[in-house]
>>> print(open('my_file-v9.txt').read())   # compact mmCIF, C-alpha atoms
# COMPACT_ATOMS: atom_id res chain seq x y z
CA MET A 930 36.94 1.14 -100.00
CA LYS A 931 34.75 -1.77 -101.06
CA HIS A 932 33.97 0.01 -104.33
CA ARG A 933 37.68 0.47 -105.04
CA LEU A 934 38.41 -3.21 -104.38
CA SER A 935 35.67 -4.23 -106.78
CA LYS A 936 37.64 -2.53 -109.58
CA ILE A 937 40.81 -4.55 -108.94
CA GLY A 938 41.41 -7.33 -111.49
CA PRO A 939 41.04 -9.74 -112.99
CA ILE A 940 44.04 -9.83 -115.29
CA LEU A 941 43.60 -13.52 -116.03
CA PRO A 942 41.23 -14.46 -118.87
CA ALA A 943 38.02 -16.23 -117.89
CA ARG A 944 39.27 -19.63 -119.09
CA LEU A 945 42.11 -19.41 -116.55
CA ARG A 946 39.69 -18.55 -113.71
CA PRO A 947 37.51 -21.67 -113.43
CA THR A 948 35.64 -22.37 -110.20
CA LYS A 949 35.57 -26.15 -110.41
CA HIS A 950 38.04 -28.48 -108.68
CA PRO A 951 41.56 -28.26 -110.10
CA THR A 952 43.15 -31.52 -111.15
CA LEU A 953 45.16 -33.17 -108.42
CA TRP A 954 48.40 -33.40 -110.38
CA ILE A 955 48.43 -29.61 -110.82
CA GLU A 956 48.17 -29.16 -107.06
CA ILE A 957 51.00 -31.64 -106.51
CA ALA A 958 53.12 -29.87 -109.13
CA LEU A 959 52.59 -26.52 -107.39
CA ILE A 960 53.69 -28.02 -104.07
CA VAL A 961 56.80 -29.54 -105.64
CA ILE A 962 57.70 -26.23 -107.27
CA GLY A 963 57.16 -24.41 -103.99
CA TYR A 964 59.40 -26.83 -102.12
CA TYR A 965 62.11 -26.52 -104.76
CA CYS A 966 62.03 -22.72 -104.41
CA TYR A 967 62.26 -23.13 -100.64
CA ARG A 968 65.39 -25.26 -101.03
CA VAL A 969 66.91 -22.60 -103.28
CA THR A 970 66.41 -19.96 -100.59
CA GLN A 971 67.70 -22.40 -97.99
CA ASN A 972 70.93 -22.97 -99.89
CA ALA A 973 71.37 -19.23 -100.37
CA ALA A 974 70.87 -18.56 -96.66
CA SER A 975 73.24 -21.37 -95.67
CA VAL A 976 76.27 -19.61 -97.13
CA GLY A 977 78.58 -18.82 -94.24
CA HIS A 978 78.29 -15.15 -93.28
CA ASP A 979 77.30 -13.04 -90.29
CA ALA A 980 74.59 -10.96 -91.94
CA PRO A 981 71.66 -12.98 -90.48
CA TYR A 982 73.02 -12.43 -86.95
CA HIS A 983 73.60 -8.71 -87.48
CA ARG A 984 70.05 -8.41 -88.78
CA GLY A 985 68.76 -10.20 -85.71
CA ARG A 986 70.39 -7.65 -83.44
CA ASP A 987 69.01 -4.85 -85.59
CA VAL A 988 65.49 -6.30 -85.26
CA LEU A 989 65.81 -6.43 -81.47
CA LYS A 990 67.03 -2.83 -81.38
CA LEU A 991 64.09 -1.69 -83.48
CA GLU A 992 61.63 -3.61 -81.31
CA HIS A 993 63.18 -2.07 -78.20
CA THR A 994 62.68 1.38 -79.71
CA LEU A 995 59.06 0.52 -80.47
CA HIS A 996 58.61 -1.06 -77.00
CA ILE A 997 57.43 -4.39 -78.44
CA ASP A 998 60.48 -6.52 -77.55
CA ALA A 999 58.58 -9.20 -75.61
CA GLU A 1000 60.74 -12.12 -76.80
CA HIS A 1001 63.08 -12.38 -73.80
CA TRP A 1002 60.36 -12.14 -71.15
CA LEU A 1003 58.04 -14.63 -72.85
CA ASN A 1004 60.88 -17.03 -73.62
CA HIS A 1005 62.19 -17.17 -70.04
CA THR A 1006 58.75 -17.14 -68.44
CA MET A 1007 57.37 -20.05 -70.47
CA ALA A 1008 60.63 -22.04 -70.40
CA LYS A 1009 60.26 -22.37 -66.61
CA ILE A 1010 56.86 -24.08 -66.96
CA ASP A 1011 57.67 -27.56 -68.23
CA TRP A 1012 54.08 -28.74 -68.61
CA LEU A 1013 53.41 -25.74 -70.86
CA ILE A 1014 56.60 -25.25 -72.86
CA VAL A 1015 56.94 -28.91 -73.94
CA PRO A 1016 53.47 -28.96 -75.57
CA MET A 1017 54.39 -25.63 -77.15
CA ASN A 1018 57.42 -27.28 -78.73
CA TYR A 1019 55.26 -30.02 -80.24
CA TYR A 1020 52.69 -27.42 -81.28
CA TYR A 1021 55.33 -25.46 -83.18
CA ALA A 1022 56.77 -28.53 -84.91
CA THR A 1023 53.52 -30.28 -85.90
CA LEU A 1024 50.34 -28.17 -85.99
CA HIS A 1025 51.87 -25.78 -88.51
CA PHE A 1026 51.56 -28.56 -91.10
CA ILE A 1027 48.68 -30.63 -89.70
CA VAL A 1028 46.19 -27.77 -89.41
CA THR A 1029 47.18 -26.25 -92.75
CA ILE A 1030 46.83 -29.53 -94.65
CA THR A 1031 43.51 -30.22 -92.91
CA VAL A 1032 42.12 -26.82 -93.91
CA PHE A 1033 43.32 -27.33 -97.48
CA ILE A 1034 41.46 -30.66 -97.71
CA TRP A 1035 38.37 -29.28 -95.95
CA VAL A 1036 38.04 -26.33 -98.34
CA TYR A 1037 38.76 -28.57 -101.35
CA VAL A 1038 35.97 -31.00 -100.40
CA ARG A 1039 33.36 -28.71 -98.85
CA PHE A 1040 33.83 -25.49 -100.84
CA PRO A 1041 35.14 -26.43 -104.30
CA GLU A 1042 33.92 -23.16 -105.83
CA ARG A 1043 36.08 -21.21 -103.36
CA TYR A 1044 39.11 -23.51 -103.30
CA ARG A 1045 41.08 -21.94 -106.16
CA ALA A 1046 40.81 -18.46 -104.64
CA VAL A 1047 41.78 -19.66 -101.17
CA ARG A 1048 44.68 -21.68 -102.56
CA THR A 1049 45.89 -18.77 -104.67
CA VAL A 1050 46.20 -16.63 -101.55
CA MET A 1051 48.34 -19.31 -99.88
CA PHE A 1052 50.70 -19.84 -102.79
CA SER A 1053 51.03 -16.10 -103.42
CA MET A 1054 51.85 -15.53 -99.76
CA ASN A 1055 54.50 -18.25 -99.89
CA ALA A 1056 56.06 -16.69 -102.99
CA VAL A 1057 56.33 -13.33 -101.23
CA ALA A 1058 57.78 -15.00 -98.12
CA LEU A 1059 60.41 -16.83 -100.19
CA ILE A 1060 61.60 -13.50 -101.52
CA GLY A 1061 61.95 -12.37 -97.91
CA PHE A 1062 63.92 -15.50 -96.97
CA TYR A 1063 66.22 -15.00 -99.94
CA ARG A 1064 66.79 -11.28 -99.57
CA TYR A 1065 66.68 -11.00 -95.79
CA ALA A 1066 68.10 -14.12 -94.17
CA LEU A 1067 67.54 -13.61 -90.45
CA ALA A 1068 68.82 -15.57 -87.45
CA PRO A 1069 66.03 -16.31 -84.95
CA PRO A 1070 66.42 -15.37 -81.26
CA ARG A 1071 67.48 -18.90 -80.26
CA LEU A 1072 70.55 -18.62 -82.52
CA LEU A 1073 71.30 -15.01 -81.82
CA ASP A 1074 72.48 -15.19 -78.24
CA THR A 1075 72.46 -18.50 -76.37
CA THR A 1076 73.20 -16.70 -73.09
CA ARG A 1077 70.12 -14.53 -73.46
CA PHE A 1078 67.56 -16.75 -75.17
CA ILE A 1079 66.65 -20.36 -74.36
CA ASP A 1080 66.36 -22.88 -77.19
CA THR A 1081 63.43 -24.78 -75.69
CA PHE A 1082 63.74 -27.69 -78.13
CA CYS A 1083 67.36 -28.17 -77.15
CA VAL A 1084 66.84 -27.80 -73.39
CA HIS A 1085 63.82 -30.08 -73.16
CA HIS A 1086 64.96 -32.59 -75.82
CA THR A 1087 61.51 -32.54 -77.36
CA TRP A 1088 62.21 -35.32 -79.86
CA GLY A 1089 64.25 -37.36 -77.43
CA LYS A 1090 67.53 -36.28 -79.01
CA THR A 1091 70.42 -34.34 -77.57
CA THR A 1092 71.10 -32.45 -80.79
CA CYS A 1093 70.24 -28.78 -80.84
CA SER A 1094 70.68 -28.14 -84.56
CA GLY A 1095 67.97 -27.31 -87.04
CA VAL A 1096 64.52 -25.80 -86.68
CA ALA A 1097 62.20 -27.38 -84.12
CA GLY A 1098 64.67 -30.19 -83.53
CA LEU A 1099 64.84 -31.10 -87.22
CA SER A 1100 68.09 -31.32 -89.12
CA GLY A 1101 69.38 -28.11 -90.62
CA LYS A 1102 69.78 -30.05 -93.89
CA VAL A 1103 66.01 -30.09 -94.44
CA THR A 1104 65.10 -26.76 -92.84
CA ASN A 1105 66.20 -23.18 -93.35
CA GLU A 1106 67.36 -21.92 -89.96
CA PHE A 1107 67.44 -18.34 -91.21
CA ALA A 1108 63.84 -18.29 -92.53
CA ALA A 1109 62.60 -16.12 -89.68
CA MET A 1110 61.37 -13.07 -91.60
CA PRO A 1111 58.53 -13.23 -92.45
CA SER A 1112 56.99 -15.82 -90.14
CA LEU A 1113 55.05 -18.33 -92.22
CA HIS A 1114 53.86 -19.87 -88.96
CA ILE A 1115 51.82 -16.70 -88.51
CA GLY A 1116 50.96 -16.31 -92.19
CA TRP A 1117 49.67 -19.87 -92.45
CA ALA A 1118 47.91 -19.70 -89.07
CA VAL A 1119 45.99 -16.55 -89.99
CA TRP A 1120 45.20 -18.04 -93.43
CA CYS A 1121 43.75 -21.09 -91.68
CA GLY A 1122 41.98 -19.00 -89.05
CA LEU A 1123 40.26 -16.81 -91.63
CA ALA A 1124 39.08 -19.80 -93.66
CA ILE A 1125 37.69 -21.50 -90.56
CA ALA A 1126 36.09 -18.38 -89.09
CA LEU A 1127 34.45 -17.32 -92.36
CA LEU A 1128 33.44 -20.68 -93.83
CA ALA A 1129 32.65 -22.92 -90.85
CA GLU A 1130 29.03 -23.20 -89.74
CA ARG A 1131 29.38 -23.99 -86.03
CA THR A 1132 30.16 -21.10 -83.70
CA TRP A 1133 32.65 -23.02 -81.58
CA VAL A 1134 34.61 -23.96 -84.71
CA LYS A 1135 34.71 -20.32 -85.75
CA ILE A 1136 36.05 -19.41 -82.31
CA LEU A 1137 38.81 -22.01 -82.67
CA GLY A 1138 39.69 -20.45 -86.00
CA VAL A 1139 40.12 -17.06 -84.32
CA LEU A 1140 42.14 -18.43 -81.41
CA TYR A 1141 44.51 -20.52 -83.53
CA PRO A 1142 46.65 -17.60 -84.83
CA VAL A 1143 46.74 -16.05 -81.35
CA ALA A 1144 48.05 -19.28 -79.82
CA THR A 1145 50.54 -19.65 -82.68
CA PHE A 1146 51.96 -16.18 -82.03
CA LEU A 1147 52.45 -17.01 -78.35
CA VAL A 1148 54.20 -20.26 -79.28
CA ILE A 1149 56.62 -18.90 -81.87
CA VAL A 1150 57.84 -16.15 -79.55
CA SER A 1151 57.95 -18.26 -76.38
CA THR A 1152 60.08 -20.93 -78.05
CA ALA A 1153 62.54 -18.26 -79.32
CA GLN A 1154 61.90 -19.26 -82.92
CA HIS A 1155 60.70 -15.82 -84.04
CA TYR A 1156 60.72 -12.14 -83.22
CA VAL A 1157 57.55 -10.10 -82.79
CA LEU A 1158 58.32 -8.29 -86.04
CA ASP A 1159 58.50 -11.64 -87.83
CA ALA A 1160 54.79 -12.00 -87.11
CA VAL A 1161 54.19 -8.56 -88.59
CA GLY A 1162 56.10 -9.69 -91.68
CA GLY A 1163 53.90 -12.78 -91.88
CA LEU A 1164 50.77 -10.62 -91.85
CA ILE A 1165 52.20 -8.38 -94.57
CA SER A 1166 52.98 -11.43 -96.71
CA LEU A 1167 49.43 -12.70 -96.22
CA GLY A 1168 48.04 -9.30 -97.17
CA ALA A 1169 50.16 -9.38 -100.32
CA GLY A 1170 48.75 -12.85 -101.06
CA PHE A 1171 45.19 -11.51 -100.87
CA LEU A 1172 46.09 -8.58 -103.13
CA ILE A 1173 47.73 -10.84 -105.73
CA GLN A 1174 44.70 -13.15 -105.70
CA ARG A 1175 42.38 -10.21 -106.25
CA ILE A 1176 44.47 -8.89 -109.13
CA LEU A 1177 44.63 -12.32 -110.78
CA GLN A 1178 41.05 -13.46 -110.24
CA GLY A 1179 39.15 -10.27 -109.53
CA ARG A 1180 36.76 -11.68 -106.93
CA PRO A 1181 36.50 -12.01 -103.13
CA VAL A 1182 38.23 -15.04 -101.66
CA TYR A 1183 35.55 -16.40 -99.36
CA SER A 1184 32.43 -15.55 -101.37
CA ALA A 1185 31.01 -18.06 -103.79
CA PRO A 1186 31.34 -17.00 -107.46
CA ALA A 1187 28.17 -15.53 -108.91
CA ALA A 1188 26.24 -18.20 -110.80
CA GLU A 1189 24.42 -17.47 -114.02
CA PRO A 1190 20.60 -17.43 -113.67
CA VAL A 1191 19.14 -20.77 -114.65
CA GLY A 1192 16.72 -20.74 -117.60
CA VAL A 1193 17.49 -17.15 -118.64
CA PRO A 1194 18.99 -17.08 -122.15
CA ARG A 1195 22.09 -14.96 -122.68
CA GLN A 1196 21.80 -11.68 -124.54
CA GLY A 1197 23.73 -11.15 -127.74
CA ALA A 1198 26.04 -8.32 -128.53
CA SER A 1199 23.11 -6.10 -129.60
CA GLY A 1200 21.31 -6.63 -126.32
CA GLN A 1201 18.62 -8.82 -127.89
CA ARG A 1202 18.04 -12.34 -126.70
CA PRO A 1203 18.93 -15.23 -129.05
CA GLY A 1204 16.10 -16.08 -131.37
CA ARG A 1205 14.43 -12.65 -131.17
CA LYS A 1206 15.31 -11.69 -134.74
CA ARG A 1207 13.89 -14.99 -135.96
CA SER A 1208 10.60 -14.44 -134.12
CA LEU A 1209 10.31 -10.92 -135.53
CA ALA A 1210 10.90 -12.23 -139.06
CA ALA A 1211 8.24 -14.91 -138.58
CA LYS A 1212 5.75 -12.35 -137.33
CA THR A 1213 6.41 -10.06 -140.32
CA SER A 1214 5.93 -12.97 -142.72
CA ALA A 1215 2.60 -13.87 -141.13
CA ASN A 1216 1.30 -10.30 -141.51
CA ASN A 1217 2.37 -10.20 -145.17
CA PRO A 1218 1.37 -13.59 -146.65
CA GLY A 1219 1.85 -12.37 -150.20
CA GLU A 1220 5.56 -11.89 -149.87
>>> encode(input="my_file-v9.txt", output="structure tokens")
Amino acid sequence: MKHRLSKIGPILPARLRPTKHPTLWIEIALIVIGYYCYRVTQNAASVGHDAPYHRGRDVLKLEHTLHIDAEHWLNHTMAKIDWLIVPMNYYYATLHFIVTITVFIWVYVRFPERYRAVRTVMFSMNAVALIGFYRYALAPPRLLDTTRFIDTFCVHHTWGKTTCSGVAGLSGKVTNEFAAMPSLHIGWAVWCGLAIALLAERTWVKILGVLYPVATFLVIVSTAQHYVLDAVGGLISLGAGFLIQRILQGRPVYSAPAAEPVGVPRQGASGQRPGRKRSLAAKTSANNPGE
């Protein structure tokens, strides 16, 4: 399997696969473009129709068939424990961005030679997820059936407001309420967890990296923001991000790029080292002084 992966990519020329820090304005431009694409999918999903709700019921039916429909039990169990569900609400609304941005900065500063590969996985995953949001707008459990699922943000007034619209208590004007499949909360959490577990030096930090996606999964289902299959979709999107990165750059994400040996001159097209022909000519001239 490892041998097969080594044959994948790169399709980008070497000049488009540098390992040094990218310029900051390029990173900002990529973020702006990504947000614009998100707004496009948001506007498409906001068109009044019942398809997202029908899809939600279909997802629950499929999960019931597969015996993985844990949403209702987790939602009602956790919603009864105020001291636990309220922190979960804040976790869902804040750590998704705080941890991801922190990991981005950490990799950028500490592992510049790996940053482009790690970042490419993230942006590729987001691109795949946006296609999912656009083509498969899906109502989350909290919107599907208010008599069956509890909107924990609405019930506990997490932000001190009585409004129940939007995602995580935020206005529906700035969030896509039907962006449930795939779950980027899971995709981003596993992306962060892998970077921390594979790049951090301290064992306890690595353990936190492993636990972060697990806690995120528990939160997104308990707060009725996602289905179990949304998490599966998030993992598939992340896997697609890794595959795209490999095709584009042709190297492992978390391994440092191979450096050229210092002090060893490059070989020419004929396999001889630079200057070898000159030294052979000089030697011939010395042996034949009359020429």
>>> closest_residue(input="my_file-v9.txt", among="A:Arg984, A:Arg1180, A:Arg1045, A:Arg1175", to="A:Ile955", atoms="all atoms listed in the file")
A:Arg1045
>>> atom_distance(input="my_file-v9.txt", atom1="atom CA of A:Ala1108", atom2="atom CA of A:Thr1049")
21.7 Å
>>> residues_around(input="my_file-v9.txt", residues="A:Phe1062", least_positions_apart="2", cutoff="12 Å", atoms="all atoms listed in the file", output="PyMOL selection string")
chain A and resi 966-975+981+1055-1060+1064-1068+1105-1113+1159+1162-1163+1166
>>> residues_around(input="my_file-v9.txt", residues="A:Leu1123", least_positions_apart="4", cutoff="10 Å", atoms="only C-alpha atoms", output="number ranges by chain")
A: 1117-1119, 1127-1129, 1135, 1138-1139, 1141-1142, 1183
>>> closest_residue(input="my_file-v9.txt", among="A:Pro1186, A:Gly1179, A:Gly1116, A:Pro951", to="A:Ala1160", atoms="only C-alpha atoms")
A:Gly1116
>>> atom_distance(input="my_file-v9.txt", atom1="atom CA of A:His1086", atom2="atom CA of A:Ala1144")
21.9 Å
>>> closest_residue(input="my_file-v9.txt", among="A:Glu956, A:Asp1080, A:Glu1042, A:Asp987", to="A:Val1150", atoms="all atoms listed in the file")
A:Asp1080
>>> closest_residue(input="my_file-v9.txt", among="A:Ile1079, A:Leu1158, A:Leu1177, A:Leu1164", to="A:Met1007", atoms="all atoms listed in the file")
A:Ile1079
>>> closest_residue(input="my_file-v9.txt", among="A:Gly985, A:Val1015, A:Arg1048, A:Thr1081", to="A:Val1036", atoms="all atoms listed in the file")
A:Arg1048
